[in-house]
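Source file: protein_26.txt; contents: compact mmCIF, C-alpha atoms.
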# COMPACT_ATOMS: atom_id res chain seq x y z
CA MET G 1 20.09 -11.99 -16.30
CA LYS G 2 20.36 -15.74 -15.68
CA PHE G 3 24.16 -15.44 -15.95
CA ILE G 4 24.26 -12.57 -13.44
CA ILE G 5 22.12 -14.52 -10.97
CA GLY G 6 24.47 -17.46 -11.27
CA GLN G 7 27.53 -15.29 -10.58
CA ALA G 8 26.12 -13.46 -7.58
CA ASN G 9 27.46 -14.20 -4.10
CA ALA G 10 24.30 -12.86 -2.50
CA ILE G 11 20.94 -11.78 -3.85
CA PHE G 12 18.54 -9.42 -2.09
CA ALA G 13 14.90 -8.90 -3.04
CA ASN G 14 12.59 -6.20 -1.68
CA SER G 15 9.62 -8.59 -1.51
CA ARG G 16 8.87 -12.28 -1.62
CA PHE G 17 7.05 -11.60 -4.87
CA THR G 18 10.23 -10.18 -6.42
CA ALA G 19 12.19 -13.14 -5.03
CA SER G 20 9.82 -15.53 -6.77
CA LYS G 21 10.37 -13.72 -10.07
CA ILE G 22 14.15 -14.06 -9.69
CA SER G 23 13.89 -17.74 -8.76
CA ALA G 24 11.75 -18.34 -11.83
CA LEU G 25 14.66 -17.21 -13.99
CA ARG G 26 17.22 -19.35 -12.19
CA PRO G 27 17.06 -21.22 -8.85
CA ALA G 28 18.97 -19.28 -6.20
CA THR G 29 19.09 -18.46 -2.51
CA ILE G 30 17.47 -15.07 -2.13
CA GLU G 31 17.36 -12.93 0.99
CA TRP G 32 14.20 -10.96 1.67
CA SER G 33 15.38 -7.41 2.35
CA PRO G 34 12.45 -4.96 2.13
CA TYR G 35 12.51 -1.20 2.28
CA GLY G 36 12.11 0.16 5.77
CA SER G 37 9.63 2.59 7.20
CA PRO G 38 9.67 5.97 5.39
CA LEU G 39 9.00 7.78 8.68
CA SER G 40 11.45 8.19 11.55
CA SER G 41 9.36 6.36 14.15
CA GLY G 42 7.89 2.90 13.82
CA LYS G 43 5.06 3.80 16.19
CA VAL G 44 1.48 3.63 14.93
CA PRO G 45 -1.13 5.93 16.51
CA PRO G 46 -4.74 4.90 17.20
CA PRO G 47 -7.46 5.45 14.57
CA HIS G 48 -8.21 9.08 13.77
CA VAL G 49 -11.17 10.86 15.27
CA ARG G 50 -13.97 10.92 12.71
CA LYS G 51 -15.20 14.29 11.50
CA GLY G 52 -18.00 14.21 8.98
CA ARG G 53 -17.76 11.66 6.20
CA TYR G 54 -15.42 8.66 6.46
CA LYS G 55 -12.45 9.73 4.33
CA ILE G 56 -10.68 7.12 2.20
CA LEU G 57 -7.28 8.21 0.88
CA PHE G 58 -5.29 7.11 -2.17
CA VAL G 59 -1.81 8.50 -2.83
CA GLY G 60 0.21 7.61 -5.91
CA ARG G 61 0.76 7.97 -9.62
CA HIS G 62 -2.30 7.77 -11.81
CA ILE G 63 -1.16 4.81 -13.89
CA GLU G 64 -2.81 1.55 -14.87
CA ARG G 65 -1.26 -0.72 -12.24
CA LYS G 66 -2.58 1.42 -9.38
CA GLY G 67 -6.14 0.25 -10.20
CA ILE G 68 -7.75 3.64 -9.55
CA GLU G 69 -10.67 2.98 -11.91
CA TYR G 70 -11.83 0.15 -9.62
CA LEU G 71 -11.64 2.48 -6.65
CA ILE G 72 -13.88 4.94 -8.47
CA GLN G 73 -16.33 2.13 -9.20
CA ALA G 74 -16.26 1.21 -5.50
CA ALA G 75 -17.14 4.81 -4.63
CA ASN G 76 -20.39 4.39 -6.52
CA LEU G 77 -21.31 1.46 -4.26
CA LEU G 78 -20.93 3.55 -1.11
CA ASP G 79 -23.33 5.96 0.54
CA SER G 80 -22.04 9.35 -0.59
CA GLN G 81 -23.39 10.90 2.60
CA LYS G 82 -21.12 8.66 4.70
CA PHE G 83 -18.01 8.10 2.53
CA GLU G 84 -15.60 10.31 0.62
CA ILE G 85 -12.70 9.08 -1.53
CA ARG G 86 -9.77 11.45 -2.01
CA ILE G 87 -7.32 10.71 -4.83
CA VAL G 88 -3.93 12.42 -4.53
CA GLY G 89 -1.33 12.69 -7.28
CA LYS G 90 -1.31 12.80 -11.04
CA GLY G 91 -0.28 10.72 -14.04
CA ASN G 92 -1.04 9.88 -17.63
CA LEU G 93 -4.51 8.62 -16.66
CA THR G 94 -5.61 11.58 -14.52
CA GLU G 95 -7.89 13.19 -17.10
CA SER G 96 -9.48 9.92 -18.21
CA LEU G 97 -10.08 8.92 -14.57
CA MET G 98 -11.72 12.27 -13.83
CA ASP G 99 -13.91 11.84 -16.91
CA PHE G 100 -14.81 8.31 -15.78
CA ALA G 101 -15.79 9.52 -12.29
CA GLN G 102 -18.00 12.18 -13.85
CA LYS G 103 -19.50 9.71 -16.32
CA ILE G 104 -20.64 7.28 -13.63
CA HIS G 105 -21.66 10.14 -11.30
CA ALA G 106 -19.21 9.23 -8.54
CA GLU G 107 -19.89 12.46 -6.68
CA ASN G 108 -18.05 11.36 -3.53
CA VAL G 109 -14.69 11.21 -5.36
CA THR G 110 -12.29 14.17 -5.08
CA PHE G 111 -9.10 14.58 -7.13
CA THR G 112 -6.68 16.80 -5.20
CA GLY G 113 -3.88 16.93 -7.76
CA PRO G 114 -0.22 16.91 -6.63
CA LEU G 115 0.33 18.15 -3.07
CA SER G 116 3.23 19.69 -1.18
CA PRO G 117 4.72 17.64 1.70
CA ASP G 118 2.78 19.72 4.24
CA GLU G 119 -0.47 19.38 2.28
CA LEU G 120 0.05 15.62 1.94
CA ARG G 121 0.69 15.24 5.66
CA LYS G 122 -2.56 17.10 6.31
CA GLU G 123 -4.42 14.66 4.03
CA TYR G 124 -3.03 11.70 5.96
CA LEU G 125 -3.95 13.24 9.30
CA GLU G 126 -7.50 14.11 8.22
CA SER G 127 -8.30 10.77 6.57
CA ASN G 128 -9.74 7.62 8.14
CA CYS G 129 -8.30 4.83 6.02
CA PHE G 130 -5.88 4.29 3.15
CA VAL G 131 -6.33 2.24 -0.01
CA LEU G 132 -4.02 0.79 -2.65
CA PRO G 133 -6.29 -0.94 -5.21
CA ALA G 134 -3.35 -2.19 -7.28
CA ILE G 135 -3.69 -4.60 -10.19
CA VAL G 136 -1.49 -6.61 -12.52
CA ASP G 137 -1.56 -4.32 -15.53
CA SER G 138 -1.71 -5.14 -19.25
CA LYS G 139 2.10 -5.46 -19.35
CA GLY G 140 2.24 -7.79 -16.36
CA ASP G 141 3.54 -5.08 -14.03
CA THR G 142 2.35 -4.65 -10.44
CA GLU G 143 3.44 -3.41 -7.00
CA GLY G 144 6.87 -4.62 -5.91
CA LEU G 145 6.17 -3.93 -2.22
CA GLY G 146 3.92 -0.97 -1.46
CA VAL G 147 5.98 1.20 0.91
CA VAL G 148 3.20 3.82 0.84
CA LEU G 149 1.13 1.36 2.89
CA ILE G 150 3.72 1.42 5.68
CA GLU G 151 3.66 5.21 5.64
CA ALA G 152 -0.14 5.25 5.86
CA MET G 153 -0.08 2.82 8.79
CA GLN G 154 2.35 5.08 10.62
CA TYR G 155 -0.07 7.96 10.21
CA GLY G 156 -2.71 5.88 11.99
CA LEU G 157 -4.68 4.77 8.94
CA PRO G 158 -6.02 1.21 8.62
CA VAL G 159 -5.27 0.00 5.09
CA VAL G 160 -7.14 -1.79 2.35
CA ALA G 161 -5.11 -3.18 -0.55
CA SER G 162 -5.20 -5.69 -3.38
CA ASP G 163 -3.71 -9.13 -2.97
CA VAL G 164 -1.09 -8.71 -5.71
CA GLY G 165 2.69 -8.43 -6.02
CA GLY G 166 4.60 -7.65 -2.85
CA ILE G 167 1.63 -6.11 -1.03
CA PRO G 168 0.96 -9.23 1.12
CA ASP G 169 4.41 -8.75 2.68
CA VAL G 170 3.01 -5.57 4.25
CA VAL G 171 -0.70 -6.32 4.54
CA VAL G 172 -1.43 -9.56 6.34
CA ASN G 173 -5.17 -9.98 5.90
CA ASP G 174 -7.20 -9.37 9.05
CA GLU G 175 -4.00 -8.75 11.02
CA THR G 176 -2.38 -5.59 9.64
CA GLY G 177 -5.03 -4.57 7.12
CA ILE G 178 -7.59 -5.93 4.68
CA LEU G 179 -6.57 -7.69 1.47
CA VAL G 180 -9.07 -7.84 -1.39
CA PRO G 181 -8.96 -9.46 -4.83
CA GLU G 182 -7.73 -7.18 -7.60
CA LYS G 183 -10.20 -5.47 -9.92
CA ASN G 184 -13.04 -6.00 -7.45
CA PRO G 185 -14.99 -2.82 -6.59
CA GLU G 186 -17.51 -4.77 -4.51
CA ALA G 187 -14.77 -6.18 -2.26
CA LEU G 188 -13.25 -2.71 -1.86
CA ALA G 189 -16.61 -1.24 -0.87
CA ARG G 190 -17.26 -4.02 1.66
CA ALA G 191 -13.84 -3.46 3.23
CA PHE G 192 -14.49 0.29 3.62
CA GLN G 193 -17.91 -0.39 5.14
CA LYS G 194 -16.44 -2.87 7.60
CA LEU G 195 -13.83 -0.38 8.78
CA GLU G 196 -16.29 2.49 9.02
CA SER G 197 -18.70 0.42 11.11
CA ASP G 198 -16.15 -1.02 13.54
CA PRO G 199 -13.62 1.31 15.20
CA ALA G 200 -12.43 -1.54 17.44
CA TYR G 201 -11.47 -3.52 14.35
CA GLU G 202 -9.57 -0.52 13.01
CA ALA G 203 -7.64 -0.32 16.28
CA LYS G 204 -6.84 -4.04 16.12
CA LEU G 205 -5.43 -3.71 12.60
CA LEU G 206 -3.27 -0.74 13.57
CA LYS G 207 -1.87 -2.63 16.54
CA GLY G 208 -0.98 -5.49 14.21
CA ALA G 209 0.52 -3.02 11.75
CA GLU G 210 2.84 -1.59 14.40
CA GLN G 211 4.09 -5.07 15.28
CA ARG G 212 4.63 -5.94 11.61
CA ILE G 213 6.59 -2.73 10.99
CA GLU G 214 8.83 -3.37 13.98
CA GLU G 215 9.47 -6.98 12.97
CA CYS G 216 9.96 -6.55 9.23
CA PHE G 217 10.35 -2.90 8.20
CA ASN G 218 12.71 -1.51 10.82
CA TRP G 219 15.69 0.05 8.98
CA GLU G 220 18.12 -0.82 11.77
CA LYS G 221 17.17 -4.50 11.64
CA ILE G 222 17.24 -4.54 7.83
CA ALA G 223 20.71 -2.98 7.73
CA GLN G 224 22.04 -5.30 10.42
CA LYS G 225 20.81 -8.35 8.54
CA GLN G 226 22.59 -7.20 5.38
CA ILE G 227 25.79 -6.50 7.30
CA GLU G 228 25.76 -10.01 8.75
CA ILE G 229 25.36 -11.51 5.29
CA TYR G 230 28.31 -9.47 3.97
CA LYS G 231 30.41 -10.53 6.95
CA ASP G 232 29.65 -14.17 6.25
CA LEU G 233 30.64 -13.71 2.61
CA LEU G 234 34.00 -12.21 3.62
CA LYS G 235 34.75 -15.28 5.72
CA LYS G 236 34.43 -17.57 2.71

Rewrite the structure of this file - the entire thing - as structure tokens.
Amino acid sequence: MKFIIGQANAIFANSRFTASKISALRPATIEWSPYGSPLSSGKVPPPHVRKGRYKILFVGRHIERKGIEYLIQAANLLDSQKFEIRIVGKGNLTESLMDFAQKIHAENVTFTGPLSPDELRKEYLESNCFVLPAIVDSKGDTEGLGVVLIEAMQYGLPVVASDVGGIPDVVVNDETGILVPEKNPEALARAFQKLESDPAYEAKLLKGAEQRIEECFNWEKIAQKQIEIYKDLLKK
């Protein structure tokens, strides 16, 4: 890998975290070139109208680095009459996570299983915030960027996420979302309570999210930047 880095004319990384990992192998000039928005429009709607309990949504594989067990622990710190956590997806940890939720009596946690695109869209539209409680797992793996956070923002969901890997490229704390320490159920619960109690704060975060998406995760701008780099290389 060190040899390949040394031979490269240009190096792109999807996050500053990934860039730091490459630089640790061999010093190099690395261009930050993230994935763009997964939805066609970069617009971010206002916070969703609240109906019943405040719905907190997780979408992703049920694997260690997603940190779902800490989200379940956070559920137990919340008023089950006011908060509901909905966990979408499946993975090798699904059964053990369901058993854990039952063991600690986290009655406000719902596992939906895998959903169709239409069902998933409905979950986004009926939720009030999105969470990615990622961790650095036992193998040292973590989130490279967290594109699902951009998607959630574009559905009008304020986001809460762990301060690990490439997530801070998307979630700028108190500007585009709330960053919390990894493996910290108490911090997750406090973040949810803050959002639930302050709709104006939610709206502020979503406004910041829209600006961040336009500045950093616009596919047209990302592609144009790469084209300019290739053009410069051809001139050499």

Practice item. Excluding segment 1-6 of chain G and any residue of its chain fewer than 6 positions from it, enumerate the residues within 8 Å of it, using only C-alpha atoms, and give them as a ChimeraX atom specification. Key: /G:25-26,28

Exercise for review: Choose the residue, out of G:Pro117, G:Pro168, G:Gly67, G:Pro34, that has the smallest atom-to-atom separation from Asp141 of chain G; count all atoms listed in the file.
Suggested key: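 Using all atoms listed in the file, Asp141 of chain G sits closest to G:Gly67.
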
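Here atom CA of Ala189 of chain G and atom CA of Gly165 of chain G stand 21.2 Å from one another.
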
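The gap separating atom CA of Lys51 of chain G from atom CA of Lys66 of chain G is 27.6 Å, in Å to one decimal.
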
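All residues of protein, DNA or RNA that reach within 8 Å of Gly144 of chain G, judged by only C-alpha atoms and not counting those fewer than 6 positions away in the chain, are G:Asn14, G:Ser15, G:Phe17, G:Thr18, G:Gly165, G:Gly166, G:Ile167.
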
How would the residues just chosen look if you wrote them out with C-alpha atoms as an mmCIF file, keeping the file's coordinate frame?
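File again18.cif, as written:
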data_model
loop_
_atom_site.group_PDB
_atom_site.id
_atom_site.type_symbol
_atom_site.label_atom_id
_atom_site.label_comp_id
_atom_site.auth_asym_id
_atom_site.auth_seq_id
_atom_site.Cartn_x
_atom_site.Cartn_y
_atom_site.Cartn_z
ATOM 1 C CA ASN G 14 12.590 -6.200 -1.680
ATOM 2 C CA SER G 15 9.620 -8.590 -1.510
ATOM 3 C CA PHE G 17 7.050 -11.600 -4.870
ATOM 4 C CA THR G 18 10.230 -10.180 -6.420
ATOM 5 C CA GLY G 165 2.690 -8.430 -6.020
ATOM 6 C CA GLY G 166 4.600 -7.650 -2.850
ATOM 7 C CA ILE G 167 1.630 -6.110 -1.030
#

Point to revise | Residue nearest Leu71 of chain G among G:Glu107, G:Glu31, G:Glu186, G:Asp174 (counting all atoms listed in the file) | key: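 Looking at the shortest contact to Leu71 of chain G, the residue is G:Glu186.
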
Revision key, fill the gap. re atom CA of Cys129 of chain G and atom CA of His48 of chain G: distance 8.8 Å

Which residues of segment 18-41 of chain G come within 7 Å of segment 214-231 of chain G, and for each one, what is the closest pair of atoms and their distance in Å to one decimal, counting all atoms listed in the file, sorted by chain and residue number, as JSON lines?
{"residue": "G:Ser33", "atom": "CA", "partner": "G:Ile222", "partner_atom": "CA", "distance": 6.5}
{"residue": "G:Pro34", "atom": "CA", "partner": "G:Phe217", "partner_atom": "CA", "distance": 6.7}
{"residue": "G:Tyr35", "atom": "CA", "partner": "G:Phe217", "partner_atom": "CA", "distance": 6.5}
{"residue": "G:Gly36", "atom": "CA", "partner": "G:Phe217", "partner_atom": "CA", "distance": 4.3}
{"residue": "G:Ser37", "atom": "CA", "partner": "G:Phe217", "partner_atom": "CA", "distance": 5.6}

Exercise for review: Kindly provide, as an MDAnalysis selection string, the polymer residues lying within 9 Å of (-0.5, 2.6, 8.8), counting all atoms listed in the file and using the coordinates exactly as they appear in the file.
Suggested key: chainID G and resid 44:45 129:130 148:159 176:177 205:206 209:210

**Study point:** Long-range neighbours of segment 94-100 of chain G as a ChimeraX atom specification, 7 Å cut-off, all atoms listed in the file, 3 positions minimum in chain
**Key:** /G:62,69,90-91,103-104

Can you sort out segment 71-91 of chain G so it carries N, CA, C and O atoms, written as an mmCIF file, in the frame of the given file?
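rebuild_20.cif, freshly written:
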data_model
loop_
_atom_site.group_PDB
_atom_site.id
_atom_site.type_symbol
_atom_site.label_atom_id
_atom_site.label_comp_id
_atom_site.auth_asym_id
_atom_site.auth_seq_id
_atom_site.Cartn_x
_atom_site.Cartn_y
_atom_site.Cartn_z
ATOM 1 N N LEU G 71 -11.332 1.700 -7.844
ATOM 2 C CA LEU G 71 -11.640 2.480 -6.650
ATOM 3 C C LEU G 71 -12.795 3.439 -6.926
ATOM 4 O O LEU G 71 -13.698 3.601 -6.085
ATOM 5 N N ILE G 72 -12.794 4.040 -8.100
ATOM 6 C CA ILE G 72 -13.880 4.940 -8.470
ATOM 7 C C ILE G 72 -15.193 4.168 -8.580
ATOM 8 O O ILE G 72 -16.260 4.639 -8.144
ATOM 9 N N GLN G 73 -15.126 2.968 -9.138
ATOM 10 C CA GLN G 73 -16.330 2.130 -9.200
ATOM 11 C C GLN G 73 -16.820 1.783 -7.803
ATOM 12 O O GLN G 73 -18.036 1.748 -7.543
ATOM 13 N N ALA G 74 -15.882 1.528 -6.882
ATOM 14 C CA ALA G 74 -16.260 1.210 -5.500
ATOM 15 C C ALA G 74 -16.956 2.397 -4.847
ATOM 16 O O ALA G 74 -17.889 2.228 -4.051
ATOM 17 N N ALA G 75 -16.519 3.605 -5.193
ATOM 18 C CA ALA G 75 -17.140 4.810 -4.630
ATOM 19 C C ALA G 75 -18.628 4.849 -4.936
ATOM 20 O O ALA G 75 -19.442 5.297 -4.117
ATOM 21 N N ASN G 76 -18.992 4.369 -6.118
ATOM 22 C CA ASN G 76 -20.390 4.390 -6.520
ATOM 23 C C ASN G 76 -21.242 3.382 -5.761
ATOM 24 O O ASN G 76 -22.471 3.428 -5.824
ATOM 25 N N LEU G 77 -20.593 2.455 -5.057
ATOM 26 C CA LEU G 77 -21.310 1.460 -4.260
ATOM 27 C C LEU G 77 -21.464 1.894 -2.814
ATOM 28 O O LEU G 77 -22.081 1.188 -2.015
ATOM 29 N N LEU G 78 -20.894 3.045 -2.484
ATOM 30 C CA LEU G 78 -20.930 3.550 -1.110
ATOM 31 C C LEU G 78 -21.926 4.687 -0.965
ATOM 32 O O LEU G 78 -22.197 5.416 -1.926
ATOM 33 N N ASP G 79 -22.438 4.846 0.223
ATOM 34 C CA ASP G 79 -23.330 5.960 0.540
ATOM 35 C C ASP G 79 -22.518 7.257 0.505
ATOM 36 O O ASP G 79 -21.620 7.456 1.327
ATOM 37 N N SER G 80 -22.824 8.126 -0.439
ATOM 38 C CA SER G 80 -22.040 9.350 -0.590
ATOM 39 C C SER G 80 -22.207 10.307 0.578
ATOM 40 O O SER G 80 -21.418 11.245 0.729
ATOM 41 N N GLN G 81 -23.217 10.083 1.403
ATOM 42 C CA GLN G 81 -23.390 10.900 2.600
ATOM 43 C C GLN G 81 -22.468 10.448 3.730
ATOM 44 O O GLN G 81 -22.216 11.213 4.668
ATOM 45 N N LYS G 82 -21.956 9.217 3.628
ATOM 46 C CA LYS G 82 -21.120 8.660 4.700
ATOM 47 C C LYS G 82 -19.661 8.507 4.303
ATOM 48 O O LYS G 82 -18.778 8.487 5.161
ATOM 49 N N PHE G 83 -19.374 8.394 2.987
ATOM 50 C CA PHE G 83 -18.010 8.100 2.530
ATOM 51 C C PHE G 83 -17.538 9.126 1.509
ATOM 52 O O PHE G 83 -18.288 9.562 0.642
ATOM 53 N N GLU G 84 -16.253 9.459 1.613
ATOM 54 C CA GLU G 84 -15.600 10.310 0.620
ATOM 55 C C GLU G 84 -14.266 9.687 0.241
ATOM 56 O O GLU G 84 -13.515 9.250 1.116
ATOM 57 N N ILE G 85 -13.978 9.616 -1.049
ATOM 58 C CA ILE G 85 -12.700 9.080 -1.530
ATOM 59 C C ILE G 85 -11.882 10.234 -2.099
ATOM 60 O O ILE G 85 -12.337 10.970 -2.978
ATOM 61 N N ARG G 86 -10.657 10.367 -1.589
ATOM 62 C CA ARG G 86 -9.770 11.450 -2.010
ATOM 63 C C ARG G 86 -8.566 10.845 -2.731
ATOM 64 O O ARG G 86 -7.852 10.006 -2.171
ATOM 65 N N ILE G 87 -8.364 11.264 -3.963
ATOM 66 C CA ILE G 87 -7.320 10.710 -4.830
ATOM 67 C C ILE G 87 -6.236 11.760 -5.028
ATOM 68 O O ILE G 87 -6.458 12.781 -5.683
ATOM 69 N N VAL G 88 -5.058 11.490 -4.469
ATOM 70 C CA VAL G 88 -3.930 12.420 -4.530
ATOM 71 C C VAL G 88 -2.955 12.002 -5.623
ATOM 72 O O VAL G 88 -2.736 10.803 -5.836
ATOM 73 N N GLY G 89 -2.358 12.980 -6.278
ATOM 74 C CA GLY G 89 -1.330 12.690 -7.280
ATOM 75 C C GLY G 89 -1.781 13.030 -8.683
ATOM 76 O O GLY G 89 -2.807 13.668 -8.904
ATOM 77 N N LYS G 90 -0.985 12.583 -9.646
ATOM 78 C CA LYS G 90 -1.310 12.800 -11.040
ATOM 79 C C LYS G 90 -0.614 11.718 -11.874
ATOM 80 O O LYS G 90 0.197 10.947 -11.369
ATOM 81 N N GLY G 91 -0.907 11.691 -13.152
ATOM 82 C CA GLY G 91 -0.280 10.720 -14.040
ATOM 83 C C GLY G 91 -0.920 10.771 -15.412
ATOM 84 O O GLY G 91 -1.791 11.615 -15.682
#
